[in-house]
Amino acid sequence: MTEVLRPRLWVDADASPVVVKEIIFRAATRKQMETILVANQMLRVPASPHIRAVQVPAGFDVADNYIVAQVRVGDLVVTADIPLAAAVIERGASALNPRGELYTVANIRESLSMRDFMESLRSSGVQTGGPAAFSQADRQAFANQLDRLLARIPD
């Protein structure tokens with residue numbers, strides 16, 4: 001008989017807001033879910049048997065490549081990196097933006113296209129501005145979406 005592996009929660013942690021990590025820590029403890037934060041710098045994580053940090057070498061997409069190589073079907077990845085989201089969706093995992101947007105097979109192509117379009121505008125010298133500041137509404141949207149996703153996972 002094959003062992004059924006519980007889904008894990010991965011965090012692309014280099015640019016993840018502190019408040020998002022705090023929400024994740026509470027959820028991981030509550031669900032007793034294996035949670036792995038990946039970054040190219042040392043991270044402080046709570047002392048917990050469910051939460052760990054992995055430091056990868058500095059370099060372009062090193063953390064992303066590590067997550068893609070380790071992710072399994074059913075895992076959840078928290079990232080604002082749209083190409084990383086696309087790669088984990090391709091591998092059968094889910095991807096959640098720190099602002100609460102769930103990337104899916106149905107919407108990831110559109111998100112990639114918009115990202116590429118904005119990148120081409122910026123590279124041609126058009127000032128597009130950056131994302132809006134992380135707000136209380138973003139925090140609430142993330143927490144609500146994470147709760148909905150984790151509620152689907154049996155204890």
# chains A, B, ... in the order shown; residues from 1 in each chain; ligands from 1

$ residues_around --residues "segment 23-32 of chain A" --least-positions-apart "3" --cutoff "12 Å" --atoms "only C-alpha atoms" --output "short mmCIF file (atom, residue, chain, number, x, y, z; two decimals) with N, CA, C and O atoms, in the first residue's frame"
data_model
loop_
_atom_site.label_atom_id
_atom_site.label_comp_id
_atom_site.auth_asym_id
_atom_site.auth_seq_id
_atom_site.Cartn_x
_atom_site.Cartn_y
_atom_site.Cartn_z
N ARG A 6 0.95 14.11 2.93
CA ARG A 6 0.18 15.34 3.18
C ARG A 6 0.77 16.48 2.37
O ARG A 6 1.98 16.57 2.22
N PRO A 7 -0.08 17.37 1.90
CA PRO A 7 0.44 18.55 1.19
C PRO A 7 1.33 19.39 2.10
O PRO A 7 1.16 19.41 3.31
N ARG A 8 2.29 20.05 1.47
CA ARG A 8 3.19 20.94 2.20
C ARG A 8 2.93 22.37 1.74
O ARG A 8 2.40 22.60 0.65
N LEU A 9 3.33 23.29 2.57
CA LEU A 9 3.20 24.72 2.27
C LEU A 9 4.60 25.27 2.03
O LEU A 9 5.45 25.20 2.92
N TRP A 10 4.83 25.78 0.83
CA TRP A 10 6.11 26.37 0.46
C TRP A 10 5.95 27.88 0.41
O TRP A 10 4.92 28.38 -0.04
N VAL A 11 6.99 28.61 0.82
CA VAL A 11 6.95 30.07 0.79
C VAL A 11 8.20 30.57 0.06
O VAL A 11 9.32 30.27 0.46
N ASP A 12 7.96 31.30 -1.02
CA ASP A 12 9.03 32.01 -1.72
C ASP A 12 9.30 33.24 -0.85
O ASP A 12 8.64 34.27 -0.98
N ALA A 13 10.23 33.10 0.09
CA ALA A 13 10.29 34.01 1.23
C ALA A 13 11.15 35.25 1.06
O ALA A 13 11.11 36.13 1.91
N SER A 16 8.61 38.06 0.59
CA SER A 16 7.31 37.91 1.24
C SER A 16 7.20 38.87 2.43
O SER A 16 8.09 38.92 3.28
N PRO A 17 6.11 39.63 2.50
CA PRO A 17 5.94 40.56 3.62
C PRO A 17 5.94 39.82 4.97
O PRO A 17 5.44 38.70 5.08
N VAL A 18 6.48 40.47 5.98
CA VAL A 18 6.56 39.88 7.33
C VAL A 18 5.18 39.46 7.81
O VAL A 18 5.01 38.37 8.37
N VAL A 19 4.18 40.29 7.59
CA VAL A 19 2.84 39.98 8.07
C VAL A 19 2.30 38.71 7.41
O VAL A 19 1.59 37.92 8.04
N VAL A 20 2.64 38.47 6.15
CA VAL A 20 2.23 37.25 5.46
C VAL A 20 2.90 36.04 6.10
O VAL A 20 2.26 35.01 6.34
N THR A 35 5.80 23.24 6.62
CA THR A 35 5.93 24.54 5.97
C THR A 35 7.40 24.85 5.78
O THR A 35 8.17 24.80 6.74
N ILE A 36 7.77 25.16 4.53
CA ILE A 36 9.17 25.39 4.20
C ILE A 36 9.30 26.77 3.56
O ILE A 36 8.69 27.05 2.53
N LEU A 37 10.08 27.63 4.19
CA LEU A 37 10.37 28.95 3.65
C LEU A 37 11.71 28.87 2.94
O LEU A 37 12.70 28.40 3.52
N ARG A 44 14.49 33.96 10.11
CA ARG A 44 14.08 33.56 11.45
C ARG A 44 12.69 32.94 11.33
O ARG A 44 11.79 33.54 10.77
N VAL A 45 12.58 31.74 11.88
CA VAL A 45 11.28 31.07 11.91
C VAL A 45 11.03 30.61 13.33
O VAL A 45 11.97 30.37 14.09
N PRO A 46 9.77 30.49 13.71
CA PRO A 46 9.46 30.04 15.07
C PRO A 46 9.98 28.62 15.30
O PRO A 46 10.06 27.83 14.36
N ALA A 47 10.31 28.33 16.53
CA ALA A 47 10.69 26.96 16.89
C ALA A 47 9.43 26.11 16.77
O ALA A 47 8.48 26.29 17.52
N SER A 48 9.41 25.25 15.78
CA SER A 48 8.23 24.43 15.53
C SER A 48 8.67 23.19 14.75
O SER A 48 9.51 23.30 13.86
N PRO A 49 8.08 22.05 15.06
CA PRO A 49 8.40 20.86 14.28
C PRO A 49 7.81 20.93 12.86
O PRO A 49 8.15 20.11 12.02
N HIS A 50 6.96 21.92 12.61
CA HIS A 50 6.27 22.01 11.32
C HIS A 50 6.85 23.06 10.38
O HIS A 50 6.50 23.10 9.21
N ILE A 51 7.71 23.93 10.90
CA ILE A 51 8.18 25.06 10.11
C ILE A 51 9.70 25.03 10.04
O ILE A 51 10.38 24.89 11.05
N ARG A 52 10.22 25.18 8.81
CA ARG A 52 11.67 25.27 8.66
C ARG A 52 12.02 26.23 7.53
O ARG A 52 11.20 26.51 6.66
N ALA A 53 13.24 26.71 7.59
CA ALA A 53 13.74 27.60 6.55
C ALA A 53 14.87 26.90 5.81
O ALA A 53 15.66 26.19 6.42
N LEU A 76 1.05 23.61 -1.74
CA LEU A 76 0.66 25.01 -1.92
C LEU A 76 1.91 25.86 -1.84
O LEU A 76 2.71 25.69 -0.92
N VAL A 77 2.08 26.76 -2.81
CA VAL A 77 3.23 27.66 -2.84
C VAL A 77 2.73 29.09 -2.72
O VAL A 77 1.85 29.51 -3.48
N VAL A 78 3.28 29.84 -1.78
CA VAL A 78 2.95 31.26 -1.62
C VAL A 78 4.06 32.05 -2.32
O VAL A 78 5.23 31.96 -1.93
N LEU A 96 -0.48 30.71 -4.49
CA LEU A 96 -1.24 31.80 -3.88
C LEU A 96 -0.35 33.03 -3.76
O LEU A 96 0.75 32.95 -3.23
N PRO A 98 0.71 36.68 -2.22
CA PRO A 98 0.58 37.25 -0.87
C PRO A 98 -0.55 38.26 -0.72
O PRO A 98 -0.90 38.64 0.39
N GLY A 100 -3.54 37.48 -1.79
CA GLY A 100 -4.74 36.66 -1.72
C GLY A 100 -5.25 36.14 -3.05
O GLY A 100 -6.27 35.46 -3.10
N ARG A 139 -3.82 41.96 3.31
CA ARG A 139 -3.54 41.03 4.40
C ARG A 139 -4.77 40.16 4.68
O ARG A 139 -4.65 38.94 4.82
N GLN A 140 -5.93 40.78 4.75
CA GLN A 140 -7.16 40.05 5.02
C GLN A 140 -7.50 39.10 3.88
O GLN A 140 -7.92 37.96 4.11
N ALA A 141 -7.32 39.55 2.64
CA ALA A 141 -7.60 38.70 1.48
C ALA A 141 -6.69 37.47 1.49
O ALA A 141 -7.14 36.34 1.22
N PHE A 142 -5.42 37.67 1.83
CA PHE A 142 -4.49 36.55 1.89
C PHE A 142 -4.91 35.57 2.99
O PHE A 142 -4.98 34.36 2.76
N ALA A 143 -5.15 36.08 4.18
CA ALA A 143 -5.53 35.22 5.30
C ALA A 143 -6.80 34.43 4.99
O ALA A 143 -6.87 33.22 5.27
N ASN A 144 -7.79 35.08 4.39
CA ASN A 144 -9.05 34.40 4.06
C ASN A 144 -8.83 33.30 3.02
O ASN A 144 -9.35 32.19 3.16
N GLN A 145 -8.08 33.62 1.97
CA GLN A 145 -7.84 32.63 0.91
C GLN A 145 -7.01 31.46 1.44
O GLN A 145 -7.30 30.30 1.14
N LEU A 146 -6.00 31.75 2.27
CA LEU A 146 -5.20 30.68 2.85
C LEU A 146 -6.07 29.77 3.72
O LEU A 146 -5.98 28.55 3.63
N ASP A 147 -6.94 30.36 4.53
CA ASP A 147 -7.85 29.56 5.37
C ASP A 147 -8.74 28.67 4.52
O ASP A 147 -8.94 27.50 4.84
N ARG A 148 -9.29 29.22 3.43
CA ARG A 148 -10.14 28.42 2.53
C ARG A 148 -9.37 27.23 1.95
O ARG A 148 -9.87 26.11 1.90
N LEU A 149 -8.14 27.49 1.51
CA LEU A 149 -7.34 26.42 0.92
C LEU A 149 -6.96 25.36 1.94
O LEU A 149 -7.03 24.16 1.66
N LEU A 150 -6.57 25.80 3.13
CA LEU A 150 -6.15 24.84 4.16
C LEU A 150 -7.33 24.05 4.72
O LEU A 150 -7.16 22.91 5.17
N ALA A 151 -8.52 24.62 4.66
CA ALA A 151 -9.71 23.91 5.15
C ALA A 151 -9.99 22.66 4.31
O ALA A 151 -10.62 21.72 4.78
N ARG A 152 -9.52 22.66 3.08
CA ARG A 152 -9.74 21.50 2.19
C ARG A 152 -8.83 20.34 2.51
O ARG A 152 -9.03 19.22 2.01
N ILE A 153 -7.80 20.59 3.32
CA ILE A 153 -6.82 19.54 3.63
C ILE A 153 -7.27 18.82 4.89
O ILE A 153 -7.45 19.45 5.93
N PRO A 154 -7.44 17.51 4.80
CA PRO A 154 -7.87 16.77 6.00
C PRO A 154 -6.77 16.80 7.07
O PRO A 154 -5.59 16.83 6.76
N ASP A 155 -7.20 16.83 8.33
CA ASP A 155 -6.23 16.83 9.45
C ASP A 155 -5.62 15.46 9.64
O ASP A 155 -6.09 14.47 9.25
#

$ select_by_dssp --residues "chain A" --states "strand (DSSP E)" --output "list of chain:residue names"
A:Leu9, A:Trp10, A:Val11, A:Asp12, A:Thr35, A:Ile36, A:Leu37, A:Val38, A:Ala39, A:Ile51, A:Arg52, A:Ala53, A:Val54, A:Gln55, A:Leu76, A:Val77, A:Val78, A:Ser94, A:Ala95, A:Leu96, A:Leu102, A:Tyr103

$ atom_distance --atom1 "atom CA of Gln55 of chain A" --atom2 "atom CA of Leu43 of chain A"
7.8 Å

$ residues_around --residues "segment 64-68 of chain A" --least-positions-apart "3" --cutoff "8 Å" --atoms "only C-alpha atoms" --output "JSON, numbers by chain"
{"A": [10, 12, 38, 56, 61, 71, 84, 87, 88, 91]}

$ write_last_selection --atoms "all heavy atoms" --output "JSON list (two decimals), in the first residue's frame"
[["chain", "number", "residue", "atom", "x", "y", "z"],
["A", 10, "TRP", "N", 4.83, 25.78, 0.83],
["A", 10, "TRP", "CA", 6.11, 26.37, 0.46],
["A", 10, "TRP", "C", 5.95, 27.88, 0.41],
["A", 10, "TRP", "O", 4.92, 28.38, -0.04],
["A", 10, "TRP", "CB", 6.54, 25.89, -0.93],
["A", 10, "TRP", "CG", 6.87, 24.44, -0.98],
["A", 10, "TRP", "CD1", 6.00, 23.41, -1.24],
["A", 10, "TRP", "CD2", 8.14, 23.84, -0.75],
["A", 10, "TRP", "NE1", 6.66, 22.22, -1.18],
["A", 10, "TRP", "CE2", 7.98, 22.45, -0.89],
["A", 10, "TRP", "CE3", 9.39, 24.36, -0.44],
["A", 10, "TRP", "CZ2", 9.04, 21.56, -0.73],
["A", 10, "TRP", "CZ3", 10.45, 23.47, -0.29],
["A", 10, "TRP", "CH2", 10.26, 22.09, -0.43],
["A", 12, "ASP", "N", 7.96, 31.30, -1.02],
["A", 12, "ASP", "CA", 9.03, 32.01, -1.72],
["A", 12, "ASP", "C", 9.30, 33.24, -0.85],
["A", 12, "ASP", "O", 8.64, 34.27, -0.98],
["A", 12, "ASP", "CB", 8.54, 32.38, -3.12],
["A", 12, "ASP", "CG", 9.56, 33.12, -3.95],
["A", 12, "ASP", "OD1", 10.73, 33.18, -3.57],
["A", 12, "ASP", "OD2", 9.15, 33.67, -4.99],
["A", 38, "VAL", "N", 11.75, 29.32, 1.70],
["A", 38, "VAL", "CA", 12.98, 29.24, 0.90],
["A", 38, "VAL", "C", 13.42, 30.65, 0.56],
["A", 38, "VAL", "O", 12.63, 31.46, 0.07],
["A", 38, "VAL", "CB", 12.74, 28.42, -0.40],
["A", 38, "VAL", "CG1", 14.03, 28.32, -1.21],
["A", 38, "VAL", "CG2", 12.19, 27.04, -0.07],
["A", 56, "VAL", "N", 19.14, 29.02, 0.23],
["A", 56, "VAL", "CA", 19.76, 28.61, -1.02],
["A", 56, "VAL", "C", 20.81, 29.66, -1.39],
["A", 56, "VAL", "O", 20.77, 30.79, -0.89],
["A", 56, "VAL", "CB", 18.72, 28.46, -2.15],
["A", 56, "VAL", "CG1", 17.74, 27.33, -1.83],
["A", 56, "VAL", "CG2", 17.97, 29.76, -2.40],
["A", 61, "ASP", "N", 16.79, 33.25, -9.70],
["A", 61, "ASP", "CA", 15.85, 32.13, -9.69],
["A", 61, "ASP", "C", 16.32, 30.89, -8.93],
["A", 61, "ASP", "O", 15.74, 29.82, -9.09],
["A", 61, "ASP", "CB", 15.45, 31.72, -11.12],
["A", 61, "ASP", "CG", 14.49, 32.70, -11.76],
["A", 61, "ASP", "OD1", 13.91, 33.53, -11.04],
["A", 61, "ASP", "OD2", 14.31, 32.63, -12.99],
["A", 71, "VAL", "N", 8.60, 20.61, -5.13],
["A", 71, "VAL", "CA", 7.14, 20.66, -4.98],
["A", 71, "VAL", "C", 6.49, 19.37, -5.50],
["A", 71, "VAL", "O", 6.96, 18.77, -6.47],
["A", 71, "VAL", "CB", 6.56, 21.93, -5.66],
["A", 71, "VAL", "CG1", 6.52, 21.79, -7.17],
["A", 71, "VAL", "CG2", 5.20, 22.29, -5.10],
["A", 84, "LEU", "N", 7.15, 31.54, -11.37],
["A", 84, "LEU", "CA", 7.22, 30.45, -10.39],
["A", 84, "LEU", "C", 5.83, 29.84, -10.19],
["A", 84, "LEU", "O", 5.69, 28.62, -10.16],
["A", 84, "LEU", "CB", 7.78, 30.94, -9.05],
["A", 84, "LEU", "CG", 7.74, 29.93, -7.89],
["A", 84, "LEU", "CD1", 8.49, 28.65, -8.23],
["A", 84, "LEU", "CD2", 8.30, 30.56, -6.62],
["A", 87, "ALA", "N", 5.08, 27.56, -13.02],
["A", 87, "ALA", "CA", 5.85, 26.31, -12.96],
["A", 87, "ALA", "C", 5.28, 25.34, -11.93],
["A", 87, "ALA", "O", 5.22, 24.13, -12.19],
["A", 87, "ALA", "CB", 7.32, 26.63, -12.65],
["A", 88, "VAL", "N", 4.86, 25.83, -10.77],
["A", 88, "VAL", "CA", 4.32, 24.91, -9.76],
["A", 88, "VAL", "C", 2.93, 24.42, -10.13],
["A", 88, "VAL", "O", 2.59, 23.27, -9.84],
["A", 88, "VAL", "CB", 4.38, 25.49, -8.32],
["A", 88, "VAL", "CG1", 5.80, 25.83, -7.93],
["A", 88, "VAL", "CG2", 3.46, 26.66, -8.13],
["A", 91, "ARG", "N", 3.23, 21.53, -12.28],
["A", 91, "ARG", "CA", 3.60, 20.32, -11.55],
["A", 91, "ARG", "C", 2.48, 19.79, -10.65],
["A", 91, "ARG", "O", 2.68, 18.87, -9.86],
["A", 91, "ARG", "CB", 4.85, 20.57, -10.72],
["A", 91, "ARG", "CG", 6.07, 20.82, -11.64],
["A", 91, "ARG", "CD", 7.36, 20.87, -10.88],
["A", 91, "ARG", "NE", 7.55, 19.73, -10.00],
["A", 91, "ARG", "CZ", 8.39, 18.73, -10.22],
["A", 91, "ARG", "NH1", 9.10, 18.70, -11.30],
["A", 91, "ARG", "NH2", 8.51, 17.77, -9.33]]

$ atom_distance --atom1 "atom CA of Gln136 of chain A" --atom2 "atom CA of Pro83 of chain A"
25.9 Å

$ closest_residue --among "A:Ile108, A:Leu102, A:Ala137, A:Ala93" --to "Arg72 of chain A" --atoms "only C-alpha atoms"
A:Ala93

$ atom_distance --atom1 "atom CA of Gly92 of chain A" --atom2 "atom CA of Asp75 of chain A"
7.9 Å
